[in-house]
$ cat entry-v1.csv   # CSV, C-alpha atoms
chain,number,residue,atom,x,y,z
F,1,MET,CA,-5.9,-7.7,2.2
F,2,SER,CA,-7.3,-6.6,-1.1
F,3,SER,CA,-5.1,-6.6,-4.1
F,4,HIS,CA,-5.8,-5.3,-7.6
F,5,THR,CA,-3.4,-6.2,-10.4
F,6,LEU,CA,-3.4,-3.5,-13.0
F,7,THR,CA,-2.6,-3.6,-16.7
F,8,PRO,CA,0.7,-2.0,-17.5
F,9,LEU,CA,0.8,0.8,-19.9
F,10,GLY,CA,1.7,0.0,-23.5
F,11,GLY,CA,5.4,-0.1,-24.2
F,12,ALA,CA,6.1,-1.4,-20.7
F,13,PRO,CA,8.7,-4.2,-20.5
F,14,ALA,CA,7.6,-7.8,-20.4
F,15,GLY,CA,7.3,-8.9,-16.7
F,16,ARG,CA,6.0,-5.5,-15.3
F,17,THR,CA,3.6,-6.0,-12.5
F,18,VAL,CA,1.5,-3.2,-10.9
F,19,ARG,CA,-0.7,-3.7,-7.8
F,20,VAL,CA,-2.7,-1.5,-5.5
F,21,GLY,CA,-4.9,-2.4,-2.6
F,22,TRP,CA,-5.9,-2.2,1.1
F,23,ASP,CA,-3.8,-3.9,3.7
F,24,ALA,CA,-6.1,-4.3,6.7
F,25,PRO,CA,-3.4,-5.6,9.1
F,26,LEU,CA,-1.4,-2.3,8.5
F,27,ALA,CA,-4.5,-0.2,8.0
F,28,SER,CA,-2.9,1.3,4.9
F,29,TYR,CA,-3.4,1.4,1.2
F,30,PHE,CA,-0.4,0.1,-0.8
F,31,ALA,CA,1.0,0.5,-4.2
F,32,SER,CA,3.8,-1.6,-5.9
F,33,ALA,CA,5.2,-1.7,-9.3
F,34,TRP,CA,8.2,-3.7,-10.5
F,35,ASP,CA,9.8,-5.2,-13.5
F,36,GLU,CA,10.9,-8.8,-13.3
F,37,PRO,CA,14.6,-9.2,-14.2
F,38,ALA,CA,15.5,-10.3,-17.7
F,39,ASP,CA,18.3,-12.5,-16.2
F,40,GLU,CA,17.6,-15.3,-13.9
F,41,GLY,CA,19.0,-14.7,-10.4
F,42,ALA,CA,19.0,-10.9,-10.8
F,43,GLU,CA,16.8,-8.7,-8.6
F,44,ALA,CA,13.5,-7.2,-9.7
F,45,ASP,CA,13.6,-3.5,-10.4
F,46,HIS,CA,11.1,-1.9,-7.9
F,47,LEU,CA,9.6,1.2,-9.4
F,48,VAL,CA,7.1,1.9,-6.6
F,49,PHE,CA,6.8,0.4,-3.1
F,50,ALA,CA,4.6,2.4,-0.8
F,51,GLY,CA,2.2,1.7,2.0
F,52,ALA,CA,4.3,-0.8,3.9
F,53,ALA,CA,3.9,0.8,7.4
F,54,PRO,CA,1.0,1.1,9.7
F,55,TYR,CA,-1.4,3.9,8.8
F,56,ASP,CA,0.9,5.0,6.0
F,57,ILE,CA,-1.5,5.9,3.2
F,58,SER,CA,-5.1,6.8,4.1
F,59,ASP,CA,-6.3,8.0,0.7
F,60,PRO,CA,-6.7,5.7,-2.3
F,61,GLY,CA,-6.0,8.6,-4.6
F,62,THR,CA,-2.4,8.6,-3.3
F,63,VAL,CA,-1.7,5.0,-4.5
F,64,LEU,CA,-3.4,5.6,-7.8
F,65,GLU,CA,-1.3,8.6,-8.4
F,66,LEU,CA,1.8,6.6,-7.6
F,67,VAL,CA,1.1,4.0,-10.2
F,68,THR,CA,-0.4,6.2,-12.9
F,69,PRO,CA,2.9,6.4,-14.8
F,70,TYR,CA,3.0,2.6,-15.0
F,71,ALA,CA,-0.5,1.3,-15.4
F,72,VAL,CA,-4.0,1.8,-16.8
F,73,ILE,CA,-6.3,2.9,-13.9
F,74,PRO,CA,-9.7,1.3,-14.4
F,75,GLU,CA,-12.7,3.4,-14.0
F,76,GLY,CA,-14.2,2.9,-10.5
F,77,LEU,CA,-11.0,1.6,-8.9
F,78,ARG,CA,-10.9,4.4,-6.4
F,79,GLU,CA,-14.4,3.5,-5.2
F,80,GLN,CA,-13.5,-0.2,-5.1
F,81,LEU,CA,-10.5,0.6,-2.9
F,82,LEU,CA,-12.7,2.6,-0.6
F,83,ALA,CA,-15.1,-0.4,-0.4
F,84,ASP,CA,-12.2,-2.7,0.3
F,85,ARG,CA,-11.2,-0.6,3.3
F,86,ASP,CA,-14.8,-0.4,4.5
F,87,SER,CA,-15.3,-4.2,4.3
F,88,GLU,CA,-11.9,-5.2,5.7
F,89,GLY,CA,-11.5,-2.5,8.3
F,90,ASP,CA,-8.5,-1.6,10.4
F,91,ARG,CA,-6.9,-4.7,11.8
F,92,PHE,CA,-3.7,-3.2,13.1
F,93,ARG,CA,-4.9,-2.6,16.7
F,94,GLY,CA,-4.8,-5.5,19.1
F,95,ARG,CA,-2.8,-7.8,16.9
F,96,PRO,CA,0.2,-9.7,18.4
F,97,ALA,CA,2.7,-7.6,16.5
F,98,THR,CA,1.0,-4.2,17.0
F,99,GLU,CA,3.4,-3.1,19.7
F,100,LEU,CA,6.5,-4.3,18.0
F,101,VAL,CA,5.6,-2.9,14.5
F,102,GLY,CA,4.1,0.3,15.8
F,103,THR,CA,7.0,1.1,18.0
F,104,ALA,CA,9.5,0.4,15.2
F,105,ALA,CA,7.5,2.4,12.7
F,106,LEU,CA,6.7,5.5,14.9
F,107,PRO,CA,10.1,7.2,14.5
F,108,TYR,CA,9.7,7.0,10.7
F,109,ALA,CA,6.2,8.3,10.4
F,110,ARG,CA,5.8,10.5,7.4
F,111,SER,CA,3.1,12.6,8.8
F,112,ALA,CA,1.5,13.8,12.1
F,113,ARG,CA,-1.6,11.9,11.1
F,114,GLN,CA,0.3,8.6,10.7
F,115,ALA,CA,2.2,9.2,14.0
F,116,ASP,CA,-1.1,10.0,15.9
F,117,ALA,CA,-2.8,6.9,14.5
F,118,ILE,CA,0.1,4.6,15.5
F,119,ARG,CA,0.2,6.2,19.0
F,120,ALA,CA,-3.6,5.6,19.4
F,121,ALA,CA,-3.2,2.0,18.3
F,122,LEU,CA,-0.4,1.5,20.9
F,123,ARG,CA,-2.6,2.7,23.8

$ encode --input "entry-v1.csv" --output "structure tokens"
Amino acid sequence: MSSHTLTPLGGAPAGRTVRVGWDAPLASYFASAWDEPADEGAEADHLVFAGAAPYDISDPGTVLELVTPYAVIPEGLREQLLADRDSEGDRFRGRPATELVGTAALPYARSARQADAIRAALR
């Protein structure tokens, strides 16, 4: 899994974390942004949480668009995310949890492309 921590935009609350990357075991790009709680014991405020299902996000531009309101996007990050995917590959197929995770995720697929990719991995 690759993960790139981005610099929050000016004026963001202290404790904001923004990350994007490639999750090879899910074969999906991911984006997350959250603010740590000011009070100990409180839950973090999740601003973005995407790409947590198999084959969910296939375009790095999608995750960059999701975090643009929260972080500075460094030049060349799109190309780095593509390189991360190329070097790490798709490791969803053939894993011990492929059938369980794929079967559970299939009814919630957000696109025909995602559903087709999950079905292909389950064969």

$ atom_distance --input "entry-v1.csv" --atom1 "CA of Pro107 (chain F)" --atom2 "CA of Val48 (chain F)"
22.0 Å

$ closest_residue --input "entry-v1.csv" --among "F:Gly89, F:Gly10, F:Pro54, F:Gly76" --to "Ala117 (chain F)" --atoms "only C-alpha atoms"
F:Pro54

$ closest_residue --input "entry-v1.csv" --among "F:Ala52, F:Ile118, F:Ala83, F:Val67" --to "Arg16 (chain F)" --atoms "only C-alpha atoms"
F:Val67

$ closest_residue --input "entry-v1.csv" --among "F:Ala14, F:Ile73, F:Val20, F:Ala104" --to "Ala50 (chain F)" --atoms "all atoms listed in the file"
F:Val20

$ residues_around --input "entry-v1.csv" --residues "Glu88 (chain F)" --least-positions-apart "4" --cutoff "10 Å" --atoms "all atoms listed in the file" --output "list in words"
Met1, Ser2, Trp22, Asp23, Ala24, Pro25, Ala27, Ala83 and Asp84 of chain F
